[in-house]
Amino acid sequence: MRIVVVCAEPEHARQDPDSVASILTDLGCRVTLGRFDLGDLDEEELLRKPPAIVVVDAGDELIRANRCRRKIGLFAPLSETPTLLAITVPRLSALDFSAGFDDFVLRPIVPAELYARLRQLDWKTSAFGTDEVIKVADLVIDVAGYEAHLNGRRIDFTHQEFELLRFLAQNRGRVYNREQLLQKVWGYKYTGGTRTVDIHVRRVRAKLGNRAGGLIETVRNVGYKMRSGQPDYATGPADEADSGTH
């Protein structure tokens with residue numbers, strides 16, 4: 001697993017056997033070290049070899065860690081990479097859960113716990129697809145079993161809803177207009193016109209809920225697509241069907 005670790009003093013972290021970077025190296029991870037300001041990170045190298053996770057090794061320096069998290073969101077190679085915060089117990093009460101960290105781990109580090117949290121975060125934020133199983137963020141679609149689960153909870157879809165969800169997930173990141181979805185999901189002979197696409201998108205979003213429903217994105221004046229990563233929780237799955245073309 002490729003990990004970027006940012007901290008106050010990278011040189012010290014390299015020599016400290018109890019630092020997050022040293023522990024991750026001992027666990028077999030490929031670690032790139034950087035400062036809180038991200039100034040010493042090689043942008044081109046990170047684009048060629050993107051990390052699975054960024055760990056902000058804050059310790060007691062929570063204010064600097066929060067600033068670092070904002071910088072990560074603006075730094076192209078890491079902007080969509082999940083982030084794990086390493087923090088001391090005394091600073092836990094001051095932790096702002098709206099700062100944007102995806103998870104946290106307490107220092108002093110327990111190696112087994114750190115690795116478990118990294119694996120869980122990597123699984124939670126990853127997207128993959130096979131002929132039988134598709135995973136996008138917290139949504140897992142069992143194509144062969146004709147089931148969908150969100151955070152381990154089964155969601156019941158009608159045949160038409162499931163087919164729409166499956167198709168978008170199998171082609172995540174690609175935009176389809178309503179005519180294309182009508183043809184590719186249900187076939188030429190399906191009656192109801194292109195408005196049926198809007199109706200079924202609305203129903204699928206409603207069953208996924210306000211947060212996960214944001215995985216299905218409206219592309220204004222074009223159609224719909226499924227995001228390839230985490231949904232945009234800030235905006236949610238606002239239904240913009242009426243603003244598109246028909």
# chains A, B, ... in the order shown; residues from 1 in each chain; ligands from 1

call {"tool": "residues_around", "arguments": {"residues": "Arg64 (chain A)", "least_positions_apart": "4", "cutoff": "8 Å", "atoms": "only C-alpha atoms", "output": "ChimeraX atom specification"}}
result
/A:36,58,68

call {"tool": "write_last_selection", "arguments": {"atoms": "C-alpha atoms", "output": "mmCIF file, in the first residue's frame"}}
result
data_model
loop_
_atom_site.group_PDB
_atom_site.id
_atom_site.type_symbol
_atom_site.label_atom_id
_atom_site.label_comp_id
_atom_site.auth_asym_id
_atom_site.auth_seq_id
_atom_site.Cartn_x
_atom_site.Cartn_y
_atom_site.Cartn_z
ATOM 1 C CA PHE A 36 2.451 20.004 6.691
ATOM 2 C CA ALA A 58 -0.479 15.665 13.837
ATOM 3 C CA CYS A 68 -2.789 20.913 6.216
#

call {"tool": "select_by_dssp", "arguments": {"residues": "region 65-150 of chain A", "states": "helix (DSSP H, G or I)", "output": "count of residues only"}}
result
34

call {"tool": "residues_around", "arguments": {"residues": "region 83-99 of chain A", "least_positions_apart": "3", "cutoff": "9 Å", "atoms": "only C-alpha atoms", "output": "mmCIF file with N, CA and C atoms, in the first residue's frame"}}
result
data_model
loop_
_atom_site.group_PDB
_atom_site.id
_atom_site.type_symbol
_atom_site.label_atom_id
_atom_site.label_comp_id
_atom_site.auth_asym_id
_atom_site.auth_seq_id
_atom_site.Cartn_x
_atom_site.Cartn_y
_atom_site.Cartn_z
ATOM 1 N N VAL A 20 4.634 7.509 12.828
ATOM 2 C CA VAL A 20 3.720 6.833 11.910
ATOM 3 C C VAL A 20 4.470 6.343 10.678
ATOM 4 N N ILE A 53 -3.703 6.477 0.487
ATOM 5 C CA ILE A 53 -4.170 7.246 1.647
ATOM 6 C C ILE A 53 -3.111 8.274 2.024
ATOM 7 N N VAL A 54 -3.548 9.401 2.549
ATOM 8 C CA VAL A 54 -2.660 10.383 3.164
ATOM 9 C C VAL A 54 -2.858 10.325 4.675
ATOM 10 N N VAL A 55 -1.769 10.193 5.420
ATOM 11 C CA VAL A 55 -1.836 10.223 6.880
ATOM 12 C C VAL A 55 -1.249 11.542 7.350
ATOM 13 N N VAL A 56 -2.033 12.314 8.081
ATOM 14 C CA VAL A 56 -1.554 13.558 8.681
ATOM 15 C C VAL A 56 -1.165 13.235 10.112
ATOM 16 N N ASP A 57 0.135 13.131 10.351
ATOM 17 C CA ASP A 57 0.658 12.769 11.670
ATOM 18 C C ASP A 57 0.747 14.027 12.521
ATOM 19 N N ALA A 58 -0.362 14.373 13.159
ATOM 20 C CA ALA A 58 -0.479 15.665 13.837
ATOM 21 C C ALA A 58 0.067 15.646 15.251
ATOM 22 N N GLY A 59 -0.122 14.542 15.979
ATOM 23 C CA GLY A 59 0.247 14.545 17.393
ATOM 24 C C GLY A 59 -0.605 15.550 18.140
ATOM 25 N N ASP A 60 0.053 16.548 18.726
ATOM 26 C CA ASP A 60 -0.660 17.600 19.457
ATOM 27 C C ASP A 60 -0.993 18.811 18.581
ATOM 28 N N GLU A 61 -0.469 18.864 17.366
ATOM 29 C CA GLU A 61 -0.577 20.070 16.541
ATOM 30 C C GLU A 61 -1.842 20.029 15.674
ATOM 31 N N LEU A 62 -2.964 20.158 16.324
ATOM 32 C CA LEU A 62 -4.242 20.010 15.638
ATOM 33 C C LEU A 62 -4.542 21.179 14.704
ATOM 34 N N ALA A 65 -2.632 20.728 11.642
ATOM 35 C CA ALA A 65 -3.186 19.587 10.913
ATOM 36 C C ALA A 65 -4.417 20.001 10.122
ATOM 37 N N ASN A 66 -5.272 20.829 10.717
ATOM 38 C CA ASN A 66 -6.469 21.300 10.013
ATOM 39 C C ASN A 66 -6.097 22.166 8.809
ATOM 40 N N ARG A 67 -5.074 22.999 8.983
ATOM 41 C CA ARG A 67 -4.603 23.800 7.850
ATOM 42 C C ARG A 67 -4.057 22.894 6.749
ATOM 43 N N ARG A 69 -4.985 19.860 6.130
ATOM 44 C CA ARG A 69 -6.097 19.187 5.457
ATOM 45 C C ARG A 69 -6.701 20.079 4.380
ATOM 46 N N ARG A 70 -6.784 21.370 4.652
ATOM 47 C CA ARG A 70 -7.310 22.294 3.644
ATOM 48 C C ARG A 70 -6.365 22.373 2.443
ATOM 49 N N ILE A 72 -4.395 19.993 1.430
ATOM 50 C CA ILE A 72 -4.529 18.735 0.698
ATOM 51 C C ILE A 72 -5.699 18.813 -0.277
ATOM 52 N N ASP A 102 -11.135 11.666 6.981
ATOM 53 C CA ASP A 102 -12.028 10.522 6.786
ATOM 54 C C ASP A 102 -12.035 9.582 7.985
ATOM 55 N N ASP A 103 -10.969 9.600 8.775
ATOM 56 C CA ASP A 103 -10.890 8.762 9.967
ATOM 57 C C ASP A 103 -9.732 9.268 10.810
ATOM 58 N N PHE A 104 -9.599 8.748 12.023
ATOM 59 C CA PHE A 104 -8.471 9.135 12.861
ATOM 60 C C PHE A 104 -7.983 7.929 13.652
ATOM 61 N N VAL A 105 -6.744 8.035 14.118
ATOM 62 C CA VAL A 105 -6.152 7.009 14.961
ATOM 63 C C VAL A 105 -5.396 7.723 16.072
ATOM 64 N N LEU A 106 -5.364 7.100 17.240
ATOM 65 C CA LEU A 106 -4.761 7.753 18.401
ATOM 66 C C LEU A 106 -3.278 7.404 18.545
ATOM 67 N N ARG A 107 -2.529 8.400 18.984
ATOM 68 C CA ARG A 107 -1.128 8.190 19.345
ATOM 69 C C ARG A 107 -1.013 8.099 20.860
ATOM 70 N N PRO A 108 -0.080 7.267 21.386
ATOM 71 C CA PRO A 108 0.899 6.458 20.651
ATOM 72 C C PRO A 108 0.242 5.376 19.808
ATOM 73 N N ILE A 109 0.868 5.110 18.675
ATOM 74 C CA ILE A 109 0.296 4.234 17.663
ATOM 75 C C ILE A 109 0.392 2.769 18.069
ATOM 76 N N ARG A 117 -7.128 0.317 10.322
ATOM 77 C CA ARG A 117 -7.860 1.525 9.907
ATOM 78 C C ARG A 117 -7.503 1.918 8.471
ATOM 79 N N LEU A 118 -6.246 1.729 8.099
ATOM 80 C CA LEU A 118 -5.843 2.025 6.732
ATOM 81 C C LEU A 118 -6.551 1.101 5.742
ATOM 82 N N LEU A 121 -10.224 2.079 5.501
ATOM 83 C CA LEU A 121 -10.389 3.326 4.763
ATOM 84 C C LEU A 121 -10.156 3.103 3.273
#

call {"tool": "closest_atom_pairs", "arguments": {"of": "region 147-204 of chain A", "to": "region 129-137 of chain A", "cutoff": "10 Å", "atoms": "only C-alpha atoms", "output": "tab-separated table"}}
result
residue	atom	partner	partner_atom	distance
A:Glu147	CA	A:Val133	CA	9.7
A:Ala148	CA	A:Ile134	CA	9.4
A:His149	CA	A:Lys135	CA	9.6
A:Leu150	CA	A:Ala137	CA	9.1
A:Asn151	CA	A:Ala137	CA	9.3
A:Arg166	CA	A:Ile134	CA	8.2
A:Ala169	CA	A:Ile134	CA	7.0
A:Gln170	CA	A:Gly129	CA	6.9
A:Asn171	CA	A:Gly129	CA	9.6
A:Arg172	CA	A:Val136	CA	8.7

call {"tool": "write_last_selection", "arguments": {"atoms": "N, CA and C atoms", "output": "compact mmCIF listing (two decimals), in the first residue's frame"}}
result
# COMPACT_ATOMS: atom_id res chain seq x y z
N GLU A 147 -28.55 -8.02 -6.00
CA GLU A 147 -28.74 -7.34 -4.73
C GLU A 147 -27.82 -6.13 -4.66
N ALA A 148 -28.21 -5.15 -3.85
CA ALA A 148 -27.38 -3.98 -3.59
C ALA A 148 -27.35 -3.73 -2.09
N HIS A 149 -26.16 -3.42 -1.57
CA HIS A 149 -25.99 -3.15 -0.14
C HIS A 149 -25.28 -1.82 0.04
N LEU A 150 -25.75 -1.05 1.00
CA LEU A 150 -25.14 0.22 1.35
C LEU A 150 -24.75 0.17 2.81
N ASN A 151 -23.43 0.28 3.07
CA ASN A 151 -22.92 0.14 4.44
C ASN A 151 -23.39 -1.17 5.07
N ARG A 166 -27.12 -0.56 -11.86
CA ARG A 166 -26.04 -1.43 -12.33
C ARG A 166 -25.34 -0.82 -13.53
N ALA A 169 -23.21 2.18 -12.58
CA ALA A 169 -22.05 1.75 -11.80
C ALA A 169 -21.00 1.07 -12.68
N GLN A 170 -21.45 0.27 -13.62
CA GLN A 170 -20.50 -0.40 -14.51
C GLN A 170 -19.81 0.57 -15.46
N ASN A 171 -20.42 1.73 -15.65
CA ASN A 171 -19.86 2.75 -16.55
C ASN A 171 -19.60 4.05 -15.81
N ARG A 172 -19.20 3.94 -14.54
CA ARG A 172 -19.04 5.13 -13.70
C ARG A 172 -18.02 6.11 -14.31

call {"tool": "closest_residue", "arguments": {"among": "A:Asn177, A:Gln183, A:Ser228, A:Ser22", "to": "Glu163 (chain A)", "atoms": "only C-alpha atoms"}}
result
A:Gln183

call {"tool": "closest_residue", "arguments": {"among": "A:Pro111, A:Pro82, A:Gly173, A:Gly100", "to": "Ala21 (chain A)", "atoms": "only C-alpha atoms"}}
result
A:Pro111

call {"tool": "atom_distance", "arguments": {"atom1": "CA of Arg211 (chain A)", "atom2": "CA of Glu113 (chain A)"}}
result
27.6 Å

call {"tool": "residues_around", "arguments": {"residues": "Val4 (chain A)", "least_positions_apart": "3", "cutoff": "6 Å", "atoms": "only C-alpha atoms", "output": "compact mmCIF listing (two decimals) with C-alpha atoms, in the first residue's frame"}}
result
# COMPACT_ATOMS: atom_id res chain seq x y z
CA VAL A 31 5.89 5.66 2.45
CA THR A 32 6.45 9.16 1.04
CA LEU A 33 7.17 11.77 3.70
CA VAL A 54 -2.66 10.38 3.16
